[in-house]
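Trainee: Supplied in structure tokens, the structure appears directly below.
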Amino acid sequence: MGRETKETEEKRKTRHKMVVVGPHVSIITLNVNGLNSPIKRHRVAGWIKEQDPTICCLQETHLSPKDKHRLRVKGWRTILQANNEQKKAGVAILISDKVDFKAKQIKKDKEGQYIMIKGTLHQEDITLINIYAPNTGAPKFVKQLLIELKEDINNNTIIV
């Protein structure tokens with residue numbers, strides 16, 4: 001019993017040190033190649049919970065705009081997405097409930113190729129851009145998109 005108490009105390013001290021040093025941000029990204037299958041959604045949700053990132057960016061969701069509920073993962077209420085009506089392409093950004101995130105501006109296209117979110121994370125300005133480039137002409141697409149968004153891009157921009 002004494003050993004468990006000592007280990008618990010050490011864990012508490014470590015957690016406290018992490019808070020004092022400052023919060024870190026972890027971002028994961030995954031091309032899911034469609035999330036219309038319940039089994040696949042369940043596996044992706046399990047993977048997100050296991051990885052436990054701050055932010056999760058998904059590409060090629062193949063969901064329609066009304067399918068936001070299909071992206072629900074416990075502990076992840078903030079779900080922002082851009083989708084195509086034809087259930088192709090599609091990108092999503094999920095932000096953990098464990099962090100203080102406030103969205104200020106969202107830009108997305110109707111084709112579901114990208115979503116850009118400007119906001120604050122731990123009181124710091126941040127811009128997230130999640131891109132799913134078309135299979136043909138991807139470099140040209142990305143270059144053109146970044147030119148279009150250049151006014152929004154700064155040293156606090158993360159592109160996935």
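We name chains A, B, ... following the order of the structure tokens; residues begin at 1 in each chain, and ligands are numbered from 1 as shown.
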At a cut-off of 10 Å, using only C-alpha atoms, what residues contact Val160 (chain A)? Leave out same-chain residues fewer than 6 positions from it and give the result as JSON, numbers by chain.
Mentor: {"A": [27, 28, 29, 30, 57, 58, 59, 114, 128, 129, 130, 131, 132]}
Trainee: Write to file, as a PDB file, in the first residue's frame, the residues of the selection just made, with C-alpha atoms.
Mentor:
ATOM      1  CA  ILE A  27      -1.556  16.636 -33.794  1.00  0.00           C
ATOM      2  CA  ILE A  28      -2.288  13.433 -35.646  1.00  0.00           C
ATOM      3  CA  THR A  29      -3.500  13.096 -39.214  1.00  0.00           C
ATOM      4  CA  LEU A  30      -4.966  10.182 -41.103  1.00  0.00           C
ATOM      5  CA  CYS A  57      -7.103  15.865 -38.773  1.00  0.00           C
ATOM      6  CA  LEU A  58      -8.878  13.431 -41.084  1.00  0.00           C
ATOM      7  CA  GLN A  59      -8.853  13.387 -44.872  1.00  0.00           C
ATOM      8  CA  TYR A 114      -9.756  21.759 -47.366  1.00  0.00           C
ATOM      9  CA  LEU A 128      -4.945  25.002 -38.847  1.00  0.00           C
ATOM     10  CA  ILE A 129      -5.283  24.018 -42.485  1.00  0.00           C
ATOM     11  CA  ASN A 130      -6.301  20.454 -43.314  1.00  0.00           C
ATOM     12  CA  ILE A 131      -5.922  19.653 -47.034  1.00  0.00           C
ATOM     13  CA  TYR A 132      -7.012  16.669 -49.077  1.00  0.00           C
TER      14      TYR A 132
END
Trainee: When you look at Asp52 (chain A) with a cut-off of 10 Å (counting only C-alpha atoms), what residues show up, excluding the ones that are within fewer than 5 positions of it in the same chain? I need them as a list in words.
Mentor: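 Here the answer would be Ser26, Ile27, Ile28, Gly46, Trp47, Gly75, Ser96 and Lys98 of chain A.
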Trainee: Counting only C-alpha atoms, what is within 12 Å of Asp152 (chain A), bar same-chain residues fewer than 4 positions away, as a VMD selection string?
Mentor: chain A and resid 105 to 107 116 to 119 125 to 129 145 to 148 156 to 159
Trainee: Create the file for the chosen residues now, containing C-alpha atoms and written as a PDB file, in the first residue's frame.
Mentor:
ATOM      1  CA  GLN A 105     -12.867  32.030 -38.327  1.00  0.00           C
ATOM      2  CA  ILE A 106     -13.523  29.004 -40.554  1.00  0.00           C
ATOM      3  CA  LYS A 107     -12.936  28.762 -44.297  1.00  0.00           C
ATOM      4  CA  MET A 116      -8.970  26.294 -42.433  1.00  0.00           C
ATOM      5  CA  ILE A 117      -9.640  27.224 -38.831  1.00  0.00           C
ATOM      6  CA  LYS A 118      -8.297  30.325 -37.115  1.00  0.00           C
ATOM      7  CA  GLY A 119      -8.672  30.444 -33.368  1.00  0.00           C
ATOM      8  CA  ASP A 125      -3.430  32.354 -31.913  1.00  0.00           C
ATOM      9  CA  ILE A 126      -3.295  29.346 -34.209  1.00  0.00           C
ATOM     10  CA  THR A 127      -4.316  28.602 -37.781  1.00  0.00           C
ATOM     11  CA  LEU A 128      -4.945  25.002 -38.847  1.00  0.00           C
ATOM     12  CA  ILE A 129      -5.283  24.018 -42.485  1.00  0.00           C
ATOM     13  CA  LEU A 145      -4.672  26.874 -52.416  1.00  0.00           C
ATOM     14  CA  LEU A 146      -1.770  28.268 -50.372  1.00  0.00           C
ATOM     15  CA  ILE A 147      -1.604  31.292 -52.697  1.00  0.00           C
ATOM     16  CA  GLU A 148      -5.336  31.865 -52.123  1.00  0.00           C
ATOM     17  CA  ASN A 156       1.424  30.113 -36.159  1.00  0.00           C
ATOM     18  CA  THR A 157      -0.029  28.143 -39.097  1.00  0.00           C
ATOM     19  CA  ILE A 158      -0.037  24.358 -39.151  1.00  0.00           C
ATOM     20  CA  ILE A 159      -0.776  22.663 -42.466  1.00  0.00           C
TER      21      ILE A 159
END
Trainee: Taking the DSSP assignment computed from this structure's backbone, write out as a list of chain:residue names all residues of region 46-154 of chain A that belong to helix (DSSP H, G or I).
Mentor: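 Result set for region 46-154 of chain A (helix (DSSP H, G or I)): A:Gly46, A:Trp47, A:Ile48, A:Lys49, A:Glu50, A:Gln51, A:Pro65, A:Lys66, A:Asp67, A:Lys68, A:His69, A:Arg70, A:Leu71, A:Ala138, A:Pro139, A:Lys140, A:Phe141, A:Val142, A:Lys143, A:Gln144, A:Leu145, A:Leu146, A:Ile147, A:Glu148, A:Lys150, A:Glu151, A:Asp152.
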Trainee: Quick one: write out the picked residues with N, CA and C atoms as a compact mmCIF listing (two decimals), in the first residue's frame?
Mentor:
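Result file is part27.txt:
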# COMPACT_ATOMS: atom_id res chain seq x y z
N GLY A 46 -11.54 4.47 -32.01
CA GLY A 46 -10.64 3.78 -31.07
C GLY A 46 -9.20 4.22 -31.23
N TRP A 47 -8.77 4.40 -32.48
CA TRP A 47 -7.40 4.85 -32.76
C TRP A 47 -7.18 6.26 -32.20
N ILE A 48 -8.17 7.14 -32.40
CA ILE A 48 -8.05 8.52 -31.89
C ILE A 48 -7.93 8.49 -30.37
N LYS A 49 -8.79 7.71 -29.71
CA LYS A 49 -8.74 7.63 -28.23
C LYS A 49 -7.40 7.08 -27.76
N GLU A 50 -6.89 6.07 -28.47
CA GLU A 50 -5.62 5.45 -28.09
C GLU A 50 -4.45 6.43 -28.25
N GLN A 51 -4.44 7.19 -29.34
CA GLN A 51 -3.37 8.15 -29.60
C GLN A 51 -3.47 9.35 -28.66
N PRO A 65 -22.43 16.74 -45.85
CA PRO A 65 -22.49 17.78 -44.82
C PRO A 65 -23.41 17.44 -43.64
N LYS A 66 -24.44 16.62 -43.86
CA LYS A 66 -25.38 16.29 -42.76
C LYS A 66 -24.88 15.12 -41.90
N ASP A 67 -23.71 14.57 -42.20
CA ASP A 67 -23.19 13.40 -41.48
C ASP A 67 -22.23 13.73 -40.34
N LYS A 68 -22.29 14.93 -39.80
CA LYS A 68 -21.36 15.32 -38.74
C LYS A 68 -21.43 14.35 -37.55
N HIS A 69 -22.60 13.85 -37.25
CA HIS A 69 -22.78 12.95 -36.11
C HIS A 69 -21.94 11.67 -36.26
N ARG A 70 -21.59 11.30 -37.48
CA ARG A 70 -20.79 10.09 -37.71
C ARG A 70 -19.34 10.26 -37.27
N LEU A 71 -18.92 11.50 -37.02
CA LEU A 71 -17.55 11.76 -36.59
C LEU A 71 -17.43 11.85 -35.07
N ALA A 138 -1.98 17.16 -57.61
CA ALA A 138 -1.90 17.54 -56.19
C ALA A 138 -0.94 18.70 -55.92
N PRO A 139 0.30 18.67 -56.44
CA PRO A 139 1.21 19.80 -56.14
C PRO A 139 0.66 21.14 -56.61
N LYS A 140 0.08 21.16 -57.81
CA LYS A 140 -0.48 22.40 -58.35
C LYS A 140 -1.66 22.86 -57.50
N PHE A 141 -2.52 21.91 -57.07
CA PHE A 141 -3.67 22.24 -56.23
C PHE A 141 -3.22 22.86 -54.92
N VAL A 142 -2.25 22.23 -54.25
CA VAL A 142 -1.77 22.73 -52.96
C VAL A 142 -1.15 24.11 -53.12
N LYS A 143 -0.33 24.28 -54.16
CA LYS A 143 0.30 25.59 -54.40
C LYS A 143 -0.75 26.67 -54.60
N GLN A 144 -1.76 26.40 -55.44
CA GLN A 144 -2.82 27.37 -55.71
C GLN A 144 -3.61 27.69 -54.44
N LEU A 145 -3.92 26.66 -53.66
CA LEU A 145 -4.67 26.87 -52.42
C LEU A 145 -3.88 27.74 -51.44
N LEU A 146 -2.59 27.47 -51.29
CA LEU A 146 -1.77 28.27 -50.37
C LEU A 146 -1.62 29.71 -50.85
N ILE A 147 -1.62 29.92 -52.16
CA ILE A 147 -1.60 31.29 -52.70
C ILE A 147 -2.91 32.00 -52.32
N GLU A 148 -4.03 31.28 -52.47
CA GLU A 148 -5.34 31.87 -52.12
C GLU A 148 -5.45 32.19 -50.63
N LYS A 150 -2.86 32.90 -48.60
CA LYS A 150 -1.62 33.51 -48.08
C LYS A 150 -1.86 34.61 -47.06
N GLU A 151 -2.97 35.32 -47.16
CA GLU A 151 -3.28 36.37 -46.17
C GLU A 151 -3.55 35.78 -44.78
N ASP A 152 -3.96 34.51 -44.75
CA ASP A 152 -4.31 33.85 -43.50
C ASP A 152 -3.14 33.07 -42.89
Trainee: Where does DSSP see strand (DSSP E) in chain A, if you list the residues as a PyMOL selection string?
Mentor: chain A and resi 27-31+55-59+78-82+91-95+101-108+114-121+124-131+157-159
Trainee: Excluding Asp100 (chain A) and any residue of its chain fewer than 5 positions from it, enumerate the residues within 8 Å of it, using only C-alpha atoms, and give them as a VMD selection string.
Mentor: chain A and resid 120 to 123
Trainee: May I have the selected residues written with C-alpha atoms, as a compact mmCIF listing (two decimals), in the first residue's frame?
Mentor:
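Final output, part.txt:
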# COMPACT_ATOMS: atom_id res chain seq x y z
CA THR A 120 -6.95 30.37 -30.02
CA LEU A 121 -5.47 27.33 -28.35
CA HIS A 122 -4.24 27.88 -24.77
CA GLN A 123 -4.69 31.64 -25.38
Trainee: Which one of A:Leu149, A:Val44, A:Ile39, A:Ile95 sits closest to Leu80 (chain A) if you count only C-alpha atoms?
Mentor: A:Ile95
Trainee: Given only C-alpha atoms as the basis, pick out the residue of A:Glu60, A:Lys108, A:Ile93, A:Thr54 nearest to Thr78 (chain A).
Mentor: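 Of all the options, A:Ile93 lies closest to Thr78 (chain A).
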Trainee: Choose the residue, out of A:Asp109, A:Asp97, A:Glu124, A:Ala103, that has the smallest atom-to-atom separation from Ile55 (chain A); count only C-alpha atoms.
Mentor: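 Looking only at the distances to Ile55 (chain A), the closest residue turns out to be A:Asp97.
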Trainee: Between CA of Ile79 (chain A) and CA of Cys56 (chain A), what is the distance in Å, rounded to a tenth?
Mentor: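 Between these atoms lies a distance of 9.6 Å.
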Trainee: What does the distance between CA of Lys74 (chain A) and CA of Ala45 (chain A) come to in Å, to one decimal place?
Mentor: 8.4 Å
Trainee: Could you work out how far CA of Asn31 (chain A) lies from CA of Arg43 (chain A), giving the answer in Å with one decimal?
Mentor: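 Computed distance, CA of Arg43 (chain A) to CA of Asn31 (chain A), equals 13.3 Å.
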